[in-house]
Amino acid sequence: MEARAQHLHTYFLFPFAVDKEAVMQDHQRVWAKQRLWTAGLDEWIGDHAMGAGSPVPGKLGRWQRDPFRRFDMDSFAYQDMVFFHPFVRRVFFDVGEGIAGEEGAPENMLRVYSIPLAHLGETGRKLIYYAEDSRGRSASVRVTDLRLFMFANGIGILTIGVEANDIPVPQALWINEMMRKVYPSSGRQIREGRVPCRMELRLEGGGEPQVVAEERFTRCVMRGYLPPLSRLITELLYFLNYAGQEFEPLLDERMTVYSYMSLDPASVEPDFDQSEEYEMLMARFLYVDRWGEGYRYDSEFTREAMRRQVYRRWAHQGTLYGFSSYSNVTLVMGRFDCDEHQLREGFLVHRMFMSRYYLQAVVALFYRATLLDFSERTALVSRLLSRKFGSYDITEEDTRMVTRLMAEVQLFSNYWYFSELANKDEEMEHFQMQCAEFRVPQMKAEIEQEIEKLNNTLERIYQQRNTESINRLAMLSMILGGGAMITGYFGMNFGREFERMFFAGEQLTAMHYGAVIAVTLMVVGSILFAIFLVASNWNDYRRILLPVKSDKLESLRRTAGFGEVPEEEKPE
C-alpha cells in the first residue's frame with residue numbers, strides 16, 4: 001500500500017538583504033526628495049513595471065502593493081490580526097490606508113506585495129513550478145501564491161506558494177527537498193542528482209506551454225562573495241540588480257520550507273498516526289529528506305531531536321507540528337471536524353497554516369535574517385575601523401557609520417522584536433519553538449554585545465583624543481599664561497630706575513634692547529607654537545569649529561569590496 005498525500009501545500013521562503021544605500025544611490029530620482037526607505041518602495045518597484053528585461057511582468061504581471069483592505073469580522077485581516085497582541089498588529093500587518101495613525105498615515109514599517117495569479121484562471125492557464133534532476137526524477141506543482149515582504153530595515157522575504165493534491169508521499173517529500181534549492185554547493189551535487197539540473201516556472205493550459213523563467217545551473221561562478229543565485233529568484237525579484245550587488249541571500253543554498261501535508265487515511269494502515277512509521281515519516285518531513293526506510297539519521301539521535309522540535313498538543317488526532325533551523329511543517333491525517341470547528345467552514349489546521357502560523361513563520365525568519373544581516377554589517381564596520389584603532393585616526397563619518405548601525409539595532413530590539421507575538425498559548429509556543437531553532441535569542445544577545453563592545457572602543461578612542469587635546473590646551477595655556485604672568489609681575493611691581501632701564505627706553509642701553517628682543521621672541525614663539533599645535537591636530541579642532549553634517553549614504557557592502565561589478569551590468 002502506497003502512502004499518498006491528500007494535500008500538499010508548501011511555501012518556499014527566501015530571505016534576502018537589500019543594500020539600501022546602494023539602491024538609493026542607484027535610483028536617486030525616487031529617493032531624491034525623501035530619506036525614508038519605505039516611502040519610496042512603491043514608486044521604485046513601480047518603475048520596473050517592464051521588469052528591466054525580465055519576462056515576469058509581461059507574462060505574469062508586476063508586483064503590486066497588497067495590504068489588508070477589509071477589517072470586518074469575516075475578513076482575513078480581522079481573523080488574522082485578532083490572534084496577536086495590539087502592538088504586534090501595528091508592526092507586522094500592512095494595512096495600507098485602511099488604519100491610520102495619529103497623523104493620518106499608516107504606522108507600520110512593512111510593505112507587502114503580490115503578483116496576482118487569479119487572472120490566469122480566466123484564460124485557462126496556470127503557473128507551474130517544475131524541477132528535474134540528472135537521474136530522471138521530476139515533479140510539477142501548481143504555484144498558487146507569489147508574495148513579497150519588504151521591511152523598513154532592508155530585509156525582504158520572497159514566498160513562493162505551491163500546492164498539489166493526491167500525490168505519492170515520496171513525490172511530496174522530493175518536491176520539498178529539491179524545489180527549495182537556489183544554487184548548488186558543488187557540481188557534484190548536480191551530477192549525483194541532489195540538486196535539480198533544471199528548474200522552470202512556466203505557464204500551462206490554454207495553449208502552448210510558455211516558460212517564464214528557467215535555470216539549468218550549467219555555469220555557476222561566484223561573483224565576489226555572492227553565490228550564483230537561481231534565475232527563478234532573480235527573475236521574480238526583477239526590480240533588484242543582483243549583479244550590481246543591490247541584494248544578497250542571507251541563508252545557504254536552500255530556501256526555508258514552510259509546509260503542510262495531509263495524508264490520505266485510506267492509503268495507510270489503521271492507527272497509522274500512532275505508529276513508529278508515522279514518526280519516521282514526520283522525521284523525513286521535518287528534516288526535508290526524501291522517502292526511505294526508517295529514519296534518515298541515527299534513530300536515537302533523531303528521536304532525541306524530535307522531542308525538542310515536534311509540538312504534540314494534538315498528537316492524539318494525528319496532528320504534528322515540527323520546527324527546525326530550515327523548516328516549519330504540519331503533518332495531519334485526512335480532514336475532519338475539529339471539535340466544534342466544522343469542516344464545511346474549511347479544515348481548521350489548514351486554515352491556521354494559511355493564516356496566523358504563516359505570519360509567525362515569516363516573522364521568525366525575519367528575525368533570523370535581520371540578525372544575520374547585523375552580523376555581517378558589524379563585521380564589516382569593525383573591519384573598516386580596525387586599521388584606525390591603533391592610530392586613533394577616527395573620522396566623523398566613521399562615528400556616523402557606527403551610530404547608524406547602533407540605531408538600527410536599537411530599533412530592531414525596541415520596535416520589531418517581541419519574544420511573545422500572540423495572546424494564546426499554542427500560537428506563542430509555536431513561535432518560541434521556531435525562534436529557538438533559529439537561535440534568535442542567542443544571536444540577538446551576541447549582536448547587542450558586539451555593538452556594545454564596538455561602541456565602547458570608539459568611546460575609549462575619543463576619550464583618549466579628548467585627553468590629548470586637553471593636554472595640548474593646558475600646555476599652550478601654561479606658555480601664554482606664563483608670559484603674561486612675567487610681564488605683569490615686572491610691570492606692576494617694579495618702577496623708577498628699573499622701568500626706565502628695561503621698559504621706558506629713556507636710556508637706550510643693551511639691557512633695554514635685550515628685554516625687547518626677549519619679550520618679542522617669547523610672544524612670537526608662543527604664537528607659532530599655538531599655530532603648530534592647532535595645524536598639526538586640525539581634524540580635532542575642525543569638527544568643533546566647523547561641524548559638517550553629511551547626508552551622503554554610502555554602501556557598506558560595496559565599500560567593503562564585495563567584488564567588482566562589470567560595466568555592462570551596472571545599473572543605469
# chains A, B, ... in the order shown; residues from 1 in each chain; ligands from 1

call {"tool": "select_by_dssp", "arguments": {"residues": "segment 182-387 of chain A", "states": "strand (DSSP E)", "output": "PyMOL selection string"}}
result
chain A and resi 198-204+210-215+247-249+256-263+310-311+320-324+327-333

call {"tool": "write_last_selection", "arguments": {"atoms": "C-alpha atoms", "output": "compact mmCIF listing (two decimals), in the first residue's frame"}}
result
# COMPACT_ATOMS: atom_id res chain seq x y z
CA ARG A 198 16.63 22.02 -14.49
CA MET A 199 14.04 24.23 -12.84
CA GLU A 200 11.25 26.14 -14.53
CA LEU A 201 8.38 28.48 -13.90
CA ARG A 202 6.06 28.01 -16.86
CA LEU A 203 2.52 28.70 -17.94
CA GLU A 204 0.43 25.73 -18.97
CA GLN A 210 5.29 29.20 -22.07
CA VAL A 211 8.46 29.38 -19.99
CA VAL A 212 8.57 32.34 -17.63
CA ALA A 213 11.94 31.61 -16.00
CA GLU A 214 14.38 28.73 -16.31
CA GLU A 215 17.55 27.65 -14.52
CA PHE A 247 20.79 42.50 -2.65
CA GLU A 248 22.23 39.26 -1.33
CA PRO A 249 20.78 35.99 0.02
CA THR A 256 13.26 27.70 4.20
CA VAL A 257 10.40 25.22 3.83
CA TYR A 258 7.03 26.02 5.41
CA SER A 259 4.86 23.03 4.54
CA TYR A 260 1.54 21.34 5.25
CA MET A 261 0.83 17.72 4.30
CA SER A 262 -2.40 15.83 4.83
CA LEU A 263 -2.18 12.05 4.47
CA VAL A 310 8.00 18.45 17.49
CA TYR A 311 4.90 20.01 19.06
CA LEU A 320 2.11 17.07 14.49
CA TYR A 321 3.95 20.37 14.15
CA GLY A 322 7.70 20.42 13.64
CA PHE A 323 10.36 23.14 13.68
CA SER A 324 13.97 23.05 12.58
CA SER A 327 11.76 24.06 8.09
CA ASN A 328 8.36 24.54 9.71
CA VAL A 329 5.98 21.67 8.94
CA THR A 330 2.46 20.48 9.76
CA LEU A 331 1.53 16.82 9.30
CA VAL A 332 -2.10 15.64 9.65
CA MET A 333 -4.23 12.62 8.88

call {"tool": "select_by_dssp", "arguments": {"residues": "segment 52-97 of chain A", "states": "helix (DSSP H, G or I)", "output": "list of chain:residue names"}}
result
A:Ala52, A:Gly53, A:Val56, A:Pro57, A:Gly58, A:Lys59, A:Phe76, A:Ala77, A:Tyr78, A:Gln79, A:Asp80, A:Met81, A:Pro86, A:Phe87, A:Val88, A:Arg89, A:Arg90, A:Val91, A:Phe92

call {"tool": "write_last_selection", "arguments": {"atoms": "C-alpha atoms", "output": "CSV table (one decimal), in the first residue's frame"}}
result
chain,number,residue,atom,x,y,z
A,52,ALA,CA,14.3,45.5,-16.9
A,53,GLY,CA,14.3,42.8,-19.4
A,56,VAL,CA,7.9,38.1,-15.4
A,57,PRO,CA,5.9,41.4,-15.6
A,58,GLY,CA,4.8,40.7,-19.2
A,59,LYS,CA,3.8,37.1,-18.7
A,76,PHE,CA,-8.9,37.8,6.6
A,77,ALA,CA,-7.4,40.9,8.3
A,78,TYR,CA,-9.8,40.6,11.2
A,79,GLN,CA,-9.4,36.8,11.6
A,80,ASP,CA,-5.6,37.1,11.4
A,81,MET,CA,-5.0,40.2,13.5
A,86,PRO,CA,-2.2,45.0,19.7
A,87,PHE,CA,1.4,46.2,19.4
A,88,VAL,CA,2.2,43.3,17.1
A,89,ARG,CA,-0.7,44.3,14.8
A,90,ARG,CA,0.7,47.7,14.5
A,91,VAL,CA,4.1,46.4,13.4
A,92,PHE,CA,3.6,43.3,11.3

call {"tool": "closest_residue", "arguments": {"among": "A:Arg216, A:Lys453, A:Arg460, A:Lys424", "to": "Phe83 of chain A", "atoms": "only C-alpha atoms"}}
result
A:Lys424

call {"tool": "closest_residue", "arguments": {"among": "A:Met109, A:Leu286, A:Ile160, A:Val381", "to": "Leu127 of chain A", "atoms": "only C-alpha atoms"}}
result
A:Ile160

call {"tool": "closest_atom_pairs", "arguments": {"of": "segment 375-477 of chain A", "to": "segment 356-364 of chain A", "cutoff": "12 Å", "atoms": "only C-alpha atoms", "output": "CSV"}}
result
residue,atom,partner,partner_atom,distance
A:Trp416,CA,A:Val363,CA,9.2
A:Tyr417,CA,A:Val363,CA,9.2
A:Phe418,CA,A:Val363,CA,9.8
A:Ser419,CA,A:Ala364,CA,10.0
A:Glu420,CA,A:Gln360,CA,10.5
A:Leu421,CA,A:Gln360,CA,8.0
A:Ala422,CA,A:Gln360,CA,9.0
A:Asn423,CA,A:Arg356,CA,11.8
A:Lys424,CA,A:Arg356,CA,11.6
A:Glu426,CA,A:Tyr357,CA,10.3
A:Glu427,CA,A:Tyr357,CA,7.4
A:Met428,CA,A:Gln360,CA,9.3
A:Glu429,CA,A:Gln360,CA,10.9
A:His430,CA,A:Tyr357,CA,8.1
A:Phe431,CA,A:Gln360,CA,6.2
A:Gln432,CA,A:Ala364,CA,8.8
A:Met433,CA,A:Ala364,CA,9.9
A:Gln434,CA,A:Ala364,CA,6.8
A:Cys435,CA,A:Ala364,CA,5.9
A:Ala436,CA,A:Ala364,CA,9.6
A:Glu437,CA,A:Ala364,CA,9.9
A:Phe438,CA,A:Ala364,CA,7.8
A:Arg439,CA,A:Ala364,CA,10.1
A:Val440,CA,A:Ala364,CA,8.1
A:Pro441,CA,A:Ala364,CA,11.0

call {"tool": "atom_distance", "arguments": {"atom1": "atom CA of Met280 of chain A", "atom2": "atom CA of Arg335 of chain A"}}
result
21.2 Å
